[in-house]
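Participant: Let me give you the structure first, and then I'll get to my questions.
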Amino acid sequence: MDNKILFIILSMALVTYLTRVGSLALFRFTGIPVWLNRWLKHVPIAILTALIVPALLLPKGSLDLSLQNPYLPAGIIAAAVAYKTRHIIPTLGLGMLVMLGWRLI
Amino acid sequence: MDLTKPKTNDLAVEVNPGKGDFLIAVGDSIPITLGVIPFGITCGIMGITAGMSPVLIILMSVLVFAGASQFIGITMIGAGVSGWGIIVFTTLLVNLRHLLMGMSLAPYMLKLPLPFQAVLAFILTDESYALTASRTQTDKYSGCYQLGASLPLYIVWILSTALGVFLGSHIADPLSWGLDFAMPAAFLVLLAPMLVNRSSLIVCLTAAVAAVLGAMYLPGKWYIIISCLAAVLAGGLLEGGKDNGQ
């Protein structure tokens, strides 16, 4: 049983590394197409947004726009503070405070 | 961003301030790294619940180092999924988003020494990508920064998995602590300075809508890939219409 699980873990590690190194390996040989650069510059904003928004609107995996979802008010406050201060400490602090307060009331 | 520059020139500039960049990145990564702890503990607890041996649970965090696919893999092992192929294939699908992040960083990473590239790729995650891409936009890319943004997360992921294994099921669901809010909060701070003009706002809005729809209707982490493709397409087309040849 353990041997089989070890084999599964090694295979998971291999395919995961392939996804991480794949683009580098490809572009190492082909070079980076010039036309691609124009599109690639939008990737950071797109991925950050895709990591943030579902975490706030679907914290349990299904869309929750109700008042029962503390991530929503906390996220809105955190977004405002992040935009204003651009610093993590007030953003995280106020966000967590709203979340805790929201759960108490 | 000027790719026609000779390689050696860029390298000389990047290697020198390395140590400083590394430490700055370690500092920047603290909130995100703290946010990962409950996930690591959960991973360890899930492994124990699935009947895996402690060594293998921790080994998985050392070798795979990809939260979502580890959760799925452990769940499938626990449910006694007989075919290893389906577990590995699911892992591949869940992690395909790394290709997009690799593509985005490739113009910079390819200038680093090969072994350094190999190491940075091994510890590439959503979190270290977010930090590195943000730093690249607001300042400039640095391999040492990427290392400093990745390494603490890797170490803490392994340690918190071990902690979860050790605690077993003695503690209540650590994901209910609310610490997982640290991650979206940290990402918001990284995102805010990038929204500087109309096209960046449109990319962000497109990504948000596509991500929510994708998260509602698609399995696994496909919502990240779909949302990224949709937003990049929107941004590219928008700018393509304005300034051709740029």
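The chains in the structure tokens are called A, B, ... from first to last as shown; in each chain the residues are counted from 1, and the ligands are counted from 1 in the order shown.
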With only C-alpha atoms as the counted atoms, please give the residues lying no more than 8 Å from segment 60-74 of chain A, apart from itself and same-chain residues fewer than 2 positions off, as a list in words.

Facilitator: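 Contacts, with the query itself left out: Ala55, Leu56, Leu57, Leu58, Ile76, Ile77, Ala78, Leu94, Gly95, Met96, Leu97, Val98, Met99, Trp102 and Arg103 of chain A; Phe181, Val212, Ala215 and Met216 of chain B.
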
Participant: Restrict the selected residues to C-alpha atoms and save them as a PDB file, in the first residue's frame.

Facilitator:
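Generated file (again14.pdb):
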ATOM      1  CA  ALA A  55     -11.937  33.729  -2.416  1.00  0.00           C
ATOM      2  CA  LEU A  56     -14.271  36.535  -1.315  1.00  0.00           C
ATOM      3  CA  LEU A  57     -17.465  35.722  -3.224  1.00  0.00           C
ATOM      4  CA  LEU A  58     -17.281  31.910  -3.027  1.00  0.00           C
ATOM      5  CA  ILE A  76     -14.687  45.436   0.410  1.00  0.00           C
ATOM      6  CA  ILE A  77     -13.055  47.248   3.328  1.00  0.00           C
ATOM      7  CA  ALA A  78      -9.698  45.608   2.603  1.00  0.00           C
ATOM      8  CA  LEU A  94      -8.965  46.285   9.231  1.00  0.00           C
ATOM      9  CA  GLY A  95     -10.130  43.398   7.056  1.00  0.00           C
ATOM     10  CA  MET A  96      -9.713  40.863   9.853  1.00  0.00           C
ATOM     11  CA  LEU A  97     -11.361  43.252  12.314  1.00  0.00           C
ATOM     12  CA  VAL A  98     -14.410  43.600  10.061  1.00  0.00           C
ATOM     13  CA  MET A  99     -14.544  39.841   9.634  1.00  0.00           C
ATOM     14  CA  TRP A 102     -19.214  40.605  11.438  1.00  0.00           C
ATOM     15  CA  ARG A 103     -19.239  37.171  13.021  1.00  0.00           C
TER      16      ARG A 103
ATOM     17  CA  PHE B 181      -8.365  35.995   4.696  1.00  0.00           C
ATOM     18  CA  VAL B 212     -16.651  33.912 -10.540  1.00  0.00           C
ATOM     19  CA  ALA B 215     -15.506  28.981 -10.018  1.00  0.00           C
ATOM     20  CA  MET B 216     -19.270  28.366 -10.089  1.00  0.00           C
TER      21      MET B 216
END

Participant: Would you kindly return, as a VMD selection string, each protein, DNA or RNA residue with an atom no farther than 8 Å from any atom of segment 1-10 of chain A, considering only C-alpha atoms and excluding same-chain residues fewer than 3 positions away?

Facilitator: (chain A and resid 13 to 14) or (chain B and resid 52 to 53 56 60 63 to 64 77 84 87 to 88)

Participant: From the options B:Ala207, B:Ile171, B:Leu163, B:Ala66, which residue's atoms come nearest to Leu124 of chain B, counting only C-alpha atoms?

Facilitator: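 Residue with the minimum atom-to-atom distance to Leu124 of chain B: B:Ala66.
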
Participant: Which residues of chain A are close to chain B, meaning at most 7 Å apart when you count only C-alpha atoms, and how do they look as a CSV table (one decimal) with C-alpha atoms, in the first residue's frame?

Facilitator:
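What landed in selection38.csv:
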chain,number,residue,atom,x,y,z
A,6,LEU,CA,4.8,6.6,-2.9
A,8,ILE,CA,1.5,8.2,-6.8
A,9,ILE,CA,3.3,11.0,-4.9
A,11,SER,CA,4.1,10.9,-10.3
A,12,MET,CA,2.2,13.9,-8.8
A,13,ALA,CA,5.6,15.6,-8.2
A,15,VAL,CA,3.6,16.3,-13.5
A,16,THR,CA,3.5,19.3,-11.2
A,17,TYR,CA,7.1,20.1,-12.0
A,19,THR,CA,3.7,22.5,-15.4
A,20,ARG,CA,6.1,24.7,-13.5
A,21,VAL,CA,9.1,24.3,-15.8
A,22,GLY,CA,7.2,23.7,-19.1
A,23,SER,CA,7.0,27.3,-20.4
A,24,LEU,CA,10.7,28.0,-19.5
A,28,ARG,CA,14.4,28.2,-24.1
A,38,ARG,CA,1.8,42.2,-25.7
A,39,TRP,CA,-0.6,39.7,-24.3
A,40,LEU,CA,1.6,38.5,-21.4
A,42,HIS,CA,-1.9,41.5,-18.7
A,43,VAL,CA,-1.3,38.1,-17.0
A,44,PRO,CA,-0.4,39.5,-13.5
A,45,ILE,CA,-3.6,41.5,-13.1
A,46,ALA,CA,-5.7,38.7,-14.5
A,47,ILE,CA,-4.2,36.0,-12.1
A,48,LEU,CA,-4.3,38.2,-9.1
A,49,THR,CA,-7.9,39.1,-9.7
A,50,ALA,CA,-8.8,35.4,-10.3
A,52,ILE,CA,-8.9,37.3,-5.0
A,53,VAL,CA,-12.5,37.5,-6.2
A,54,PRO,CA,-13.6,33.9,-5.9
A,55,ALA,CA,-11.9,33.7,-2.4
A,62,SER,CA,-20.5,28.3,-3.9
A,63,LEU,CA,-21.5,31.9,-4.7
A,78,ALA,CA,-9.7,45.6,2.6
A,79,ALA,CA,-9.9,46.6,-1.1
A,82,ALA,CA,-5.4,48.6,0.0
A,83,TYR,CA,-6.2,51.2,-2.7
A,86,ARG,CA,-1.0,50.2,-0.5
A,87,HIS,CA,0.2,48.6,2.6
A,88,ILE,CA,-0.6,45.1,4.0
A,91,THR,CA,-5.3,46.2,4.9
A,92,LEU,CA,-5.1,42.9,6.7

Participant: Could you give me the residues within segment 4-79 of chain B that DSSP places in helix (DSSP H, G or I), as a PyMOL selection string?

Facilitator: chain B and resi 7-15+18-49+54-63+67-78

Participant: Please, what distance in Å, to one decimal, runs between atom CA of Gln146 of chain B and atom CA of Gly35 of chain B?

Facilitator: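 Spanning atom CA of Gln146 of chain B to atom CA of Gly35 of chain B is a straight-line distance of 18.6 Å.
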
Participant: Could you jot down the atom CA of Ala149 of chain B to atom CA of Thr161 of chain B separation for me, Å, one decimal place?

Facilitator: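 Distance reported for this atom pair: 19.3 Å.
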
Participant: For a test of reading the model, state the distance in Å between atom CA of Pro152 of chain B and atom CA of Phe22 of chain B, rounded to one decimal.

Facilitator: 10.7 Å

Participant: Tell me which of A:Leu18, A:Leu104, A:Thr30, A:Gly93 sits closest to Gly75 of chain A, counting only C-alpha atoms.

Facilitator: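 Answer, going by the shortest atom-to-atom distance: A:Gly93.
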